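Taking it in order: structure first as structure tokens, then the write-up.
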Amino acid sequence: MPPSPLIASSDLHTLLQNLHSQSLAQESKVDWNTLPKQCTDEFDDIMRDKFIALDQDKCELIYHVLRSINAKTVVEAGTSFGVSTIYLALAVAQNAARDSTKGRVIATEKEPSKACVAQENWEKAGKEIAGVIDLRIGDLKETLTKDLGTIDFLLLDIWTPLALPVVELIQPYLKHGAVIMADNTLKAGAGYENLFAYVDTPNSGFRRVTLPYAGGLDMIVYQ
Ligand SMILES: C[S@@+](CC[C@H](N)C(=O)[O-])C[C@H]1O[C@@H](n2cnc3c(N)ncnc32)[C@H](O)[C@@H]1O
């Protein structure tokens, strides 16, 4: 087994392992080639009971980056059942404890039933995790319009048509050196075209690299 960067109890490791296994088992039954377009009611109906959790190796990398940049304020675009949120919250809680300050993960989920399951998973993960999460239920184009603070990190694990709108919304609050991670950037590359055109524009303030994780994982730094 390769080393894990996670500093976590064996109970938390077990919980995460179980959640990732459930997500993968569900995903293996989905026919990804026949899905309706993202951001339609038909697509949302199919996804309402699905984890579609971020892959475990990507979650661990993100935790590692958050510990490295000492992130205290993190936004998650797309929370679902809250699996990746546990990694974000663990890193933020540990960074905050190291500096005796407060940390916050702003989680966003538009489906109330999914938000409810996410909260149950965070309770199971423990007070350290649940205590730093600020869950915003509803359309993130509305829920991310206030009380953001200075943002150290954004996770884009959301339907791709929402990626650029989210970046535009939170850009005024990004600190210099902030990191944005976007999932599935090779597999769903066509959906990210407008975001990439935006960040790749000279003098946009952003620089990005595509990391060789399954489906592509982009790391964008706000200079
Ligand atoms: C890929 S999943 C997130 C998976 C999660 N990051 C994890 O690793 O467990 C994307 C989620 O975004 C939610 N979503 C879609 N459109 C949204 C919107 N406009 N506002 C907030 N959440 C939205 C979906 O309901 C879905 O649960």
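Simple scheme: letters A, B, ... for chains in structure tokens order, numbers from 1 for residues in each chain, numbers from 1 for ligands in the order shown.
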Long-range neighbours of Asn121 (chain A) as a PyMOL selection string, 10 Å cut-off, only C-alpha atoms, 6 positions minimum in chain: chain A and resi 15-16+19+81-83+85-86+115+129-130
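Excluding region 180-183 of chain A itself and same-chain residues fewer than 5 positions from it, the residues having an atom within 7 Å of it are A:Phe153, A:Leu154, A:Leu155, A:Leu156, A:Asp157, A:Gly216, A:Leu217, A:Asp218, A:Met219, A:Ile220, A:Val221, counting only C-alpha atoms.
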Would you export the selected residues with N, CA and C atoms as a PDB file, in the first residue's frame, please?
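Generated output (part_21.pdb):
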```pdb
ATOM      1  N   PHE A 153      -8.829  28.107  -1.032  1.00  0.00           N
ATOM      2  CA  PHE A 153      -8.913  26.917  -1.887  1.00  0.00           C
ATOM      3  C   PHE A 153     -10.356  26.726  -2.356  1.00  0.00           C
ATOM      4  N   LEU A 154     -10.491  26.327  -3.627  1.00  0.00           N
ATOM      5  CA  LEU A 154     -11.806  25.979  -4.189  1.00  0.00           C
ATOM      6  C   LEU A 154     -11.721  24.602  -4.828  1.00  0.00           C
ATOM      7  N   LEU A 155     -12.645  23.727  -4.461  1.00  0.00           N
ATOM      8  CA  LEU A 155     -12.772  22.440  -5.163  1.00  0.00           C
ATOM      9  C   LEU A 155     -13.940  22.530  -6.120  1.00  0.00           C
ATOM     10  N   LEU A 156     -13.648  22.312  -7.399  1.00  0.00           N
ATOM     11  CA  LEU A 156     -14.694  22.278  -8.429  1.00  0.00           C
ATOM     12  C   LEU A 156     -15.004  20.819  -8.745  1.00  0.00           C
ATOM     13  N   ASP A 157     -16.029  20.297  -8.088  1.00  0.00           N
ATOM     14  CA  ASP A 157     -16.471  18.919  -8.355  1.00  0.00           C
ATOM     15  C   ASP A 157     -17.964  19.005  -8.632  1.00  0.00           C
ATOM     16  N   GLY A 216      -8.208  13.194 -15.473  1.00  0.00           N
ATOM     17  CA  GLY A 216      -7.591  14.527 -15.436  1.00  0.00           C
ATOM     18  C   GLY A 216      -8.030  15.316 -14.215  1.00  0.00           C
ATOM     19  N   LEU A 217      -7.065  15.946 -13.578  1.00  0.00           N
ATOM     20  CA  LEU A 217      -7.351  16.791 -12.404  1.00  0.00           C
ATOM     21  C   LEU A 217      -6.526  18.063 -12.594  1.00  0.00           C
ATOM     22  N   ASP A 218      -7.209  19.197 -12.727  1.00  0.00           N
ATOM     23  CA  ASP A 218      -6.449  20.434 -12.954  1.00  0.00           C
ATOM     24  C   ASP A 218      -6.190  21.171 -11.658  1.00  0.00           C
ATOM     25  N   MET A 219      -4.963  21.694 -11.572  1.00  0.00           N
ATOM     26  CA  MET A 219      -4.586  22.520 -10.427  1.00  0.00           C
ATOM     27  C   MET A 219      -4.340  23.928 -10.981  1.00  0.00           C
ATOM     28  N   ILE A 220      -5.162  24.851 -10.524  1.00  0.00           N
ATOM     29  CA  ILE A 220      -5.097  26.234 -11.016  1.00  0.00           C
ATOM     30  C   ILE A 220      -4.678  27.104  -9.841  1.00  0.00           C
ATOM     31  N   VAL A 221      -3.660  27.936 -10.059  1.00  0.00           N
ATOM     32  CA  VAL A 221      -3.193  28.795  -8.974  1.00  0.00           C
ATOM     33  C   VAL A 221      -3.498  30.248  -9.333  1.00  0.00           C
TER      34      VAL A 221
END
```
Would you please extract all helix (DSSP H, G or I) residues from region 147-194 of chain A, as assigned by DSSP on the backbone, and give them as a PyMOL selection string? chain A and resi 160-173+189-194
List the neighbours of Gly149 (chain A) out to 10 Å using only C-alpha atoms; skip same-chain residues closer than 3 positions along the sequence, and give me the result as a list in words. Thr73, Val74, Arg104, Lys146, Asp152, Ile170, Pro172, Tyr173, Leu174 and Lys175 of chain A
Between A:Leu54, A:Val132, A:Ile62, A:Leu162, which has the minimum distance to ligand 1 (counting only C-alpha atoms and all ligand atoms)? A:Leu54
Rank nothing, just name the residue among A:Asp200, A:Glu60, A:Glu142, A:Glu109 nearest to ligand 1, using only C-alpha atoms and all ligand atoms.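 For ligand 1, the nearest of the candidates is A:Glu109.
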Would you mind listing the residues within 8 Å of ligand 1, counting only C-alpha atoms and all ligand atoms, as number ranges by chain? A: 39, 44, 47-48, 50-55, 59, 76-85, 108-111, 114, 137-141, 143, 155-159, 162
Coordinates-based distance that separates CA of Leu88 (chain A) from CA of Gly131 (chain A) (Å, one decimal): 12.2 Å
Nearest residue to Ser9 (chain A) out of A:Cys116, A:Val75, A:Leu90, A:Val105, using only C-alpha atoms? A:Leu90
Can you tell me how far CA of Asp11 (chain A) sits from CA of Val179 (chain A), in Å to one decimal?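 Atom-to-atom, CA of Asp11 (chain A) and CA of Val179 (chain A) are spaced 29.3 Å apart.
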Tell me which protein, DNA and RNA residues are within 8 Å of Tyr192 (chain A), counting only C-alpha atoms, leaving out same-chain ones fewer than 3 positions away, and put them as a PDB file with N, CA and C atoms, in the first residue's frame.
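out_14.pdb written:
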```pdb
ATOM      1  N   THR A 160     -20.076  20.565 -15.177  1.00  0.00           N
ATOM      2  CA  THR A 160     -19.123  21.490 -15.816  1.00  0.00           C
ATOM      3  C   THR A 160     -19.714  22.844 -16.249  1.00  0.00           C
ATOM      4  N   PRO A 161     -21.012  22.924 -16.652  1.00  0.00           N
ATOM      5  CA  PRO A 161     -21.504  24.267 -17.029  1.00  0.00           C
ATOM      6  C   PRO A 161     -21.440  25.260 -15.864  1.00  0.00           C
ATOM      7  N   ALA A 163     -18.816  25.456 -13.713  1.00  0.00           N
ATOM      8  CA  ALA A 163     -17.432  25.687 -13.272  1.00  0.00           C
ATOM      9  C   ALA A 163     -17.015  27.162 -13.429  1.00  0.00           C
ATOM     10  N   LEU A 164     -17.202  27.714 -14.628  1.00  0.00           N
ATOM     11  CA  LEU A 164     -16.807  29.113 -14.835  1.00  0.00           C
ATOM     12  C   LEU A 164     -17.646  30.075 -13.992  1.00  0.00           C
ATOM     13  N   THR A 185     -10.967  16.881 -15.834  1.00  0.00           N
ATOM     14  CA  THR A 185     -10.714  17.924 -16.829  1.00  0.00           C
ATOM     15  C   THR A 185     -10.310  17.373 -18.193  1.00  0.00           C
ATOM     16  N   ALA A 188     -13.931  15.181 -19.186  1.00  0.00           N
ATOM     17  CA  ALA A 188     -15.039  16.110 -19.451  1.00  0.00           C
ATOM     18  C   ALA A 188     -14.494  17.425 -20.009  1.00  0.00           C
ATOM     19  N   GLY A 189     -13.403  17.316 -20.773  1.00  0.00           N
ATOM     20  CA  GLY A 189     -12.685  18.508 -21.268  1.00  0.00           C
ATOM     21  C   GLY A 189     -13.578  19.478 -22.025  1.00  0.00           C
ATOM     22  N   LEU A 195     -14.093  27.630 -19.076  1.00  0.00           N
ATOM     23  CA  LEU A 195     -13.262  27.927 -17.900  1.00  0.00           C
ATOM     24  C   LEU A 195     -11.794  28.029 -18.317  1.00  0.00           C
ATOM     25  N   PHE A 196     -11.353  27.085 -19.140  1.00  0.00           N
ATOM     26  CA  PHE A 196      -9.945  27.098 -19.538  1.00  0.00           C
ATOM     27  C   PHE A 196      -9.622  28.320 -20.400  1.00  0.00           C
TER      28      PHE A 196
END
```
Just the residues within 8 Å of Asn95 (chain A), please, counting only C-alpha atoms, with nothing from its chain fewer than 2 positions along; format it as a PyMOL selection string. chain A and resi 67+70-72+91-93+97-99+103
What would the file look like if the residues just selected were written as a compact mmCIF listing (two decimals), in the first residue's frame with N, CA, C and O atoms?
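Written file, again.txt:
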```
# COMPACT_ATOMS: atom_id res chain seq x y z
N ARG A 67 -3.00 21.03 3.55
CA ARG A 67 -2.07 21.09 4.69
C ARG A 67 -0.85 21.92 4.30
O ARG A 67 -0.32 22.70 5.10
N ASN A 70 -1.67 25.60 4.14
CA ASN A 70 -2.25 26.03 5.42
C ASN A 70 -3.63 26.68 5.21
O ASN A 70 -3.93 27.74 5.79
N ALA A 71 -4.44 26.05 4.37
CA ALA A 71 -5.76 26.61 4.04
C ALA A 71 -6.67 26.63 5.25
O ALA A 71 -6.78 25.65 5.98
N LYS A 72 -7.35 27.77 5.43
CA LYS A 72 -8.30 27.89 6.56
C LYS A 72 -9.72 28.15 6.04
O LYS A 72 -10.67 27.92 6.77
N ALA A 91 -8.43 18.60 6.91
CA ALA A 91 -7.24 19.44 6.69
C ALA A 91 -7.41 20.82 7.30
O ALA A 91 -6.51 21.34 7.99
N VAL A 92 -8.58 21.42 7.08
CA VAL A 92 -8.84 22.78 7.59
C VAL A 92 -8.84 22.77 9.13
O VAL A 92 -8.25 23.66 9.77
N ALA A 93 -9.47 21.77 9.73
CA ALA A 93 -9.51 21.69 11.20
C ALA A 93 -8.10 21.52 11.75
O ALA A 93 -7.73 22.14 12.76
N ALA A 97 -6.16 24.23 14.09
CA ALA A 97 -5.68 23.83 15.42
C ALA A 97 -4.19 24.15 15.57
O ALA A 97 -3.73 24.59 16.63
N ARG A 98 -3.45 23.98 14.49
CA ARG A 98 -2.00 24.25 14.51
C ARG A 98 -1.73 25.71 14.84
O ARG A 98 -0.78 26.05 15.51
N ASP A 99 -2.62 26.61 14.35
CA ASP A 99 -2.42 28.06 14.55
C ASP A 99 -3.33 28.62 15.63
O ASP A 99 -3.41 29.84 15.79
N GLY A 103 -11.23 27.61 11.30
CA GLY A 103 -11.25 27.27 9.88
C GLY A 103 -12.68 27.04 9.43
O GLY A 103 -13.58 26.87 10.25
```
Taking into account only C-alpha atoms, which residue in the set A:Ala178, A:Gln223, A:Leu135, A:Asp147 is nearest to Leu66 (chain A)?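 Closest to Leu66 (chain A) of all the choices is A:Ala178.
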Nearest residue to Tyr222 (chain A) out of A:Ala197, A:Ile151, A:Leu144, A:Leu169, using only C-alpha atoms?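 Of A:Ala197, A:Ile151, A:Leu144, A:Leu169, the one nearest Tyr222 (chain A) is A:Ile151, counting only C-alpha atoms.
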Hey, which of A:Trp122, A:Tyr213, A:Tyr63, A:Tyr198 ends up closest to Leu186 (chain A)? Count only C-alpha atoms.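 Closest to Leu186 (chain A) of all the choices is A:Tyr213.
Taking CA of Gly177 (chain A) and CA of Glu128 (chain A) as the two end points, the separation is 26.1 Å.
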Among the residues of region 15-119 of chain A, find those DSSP assigns to strand (DSSP E or B) from the backbone and print them as a list in words. Thr73, Val74, Val75, Glu76, Ala77, Arg104, Val105, Ile106, Ala107, Thr108 and Glu109 of chain A
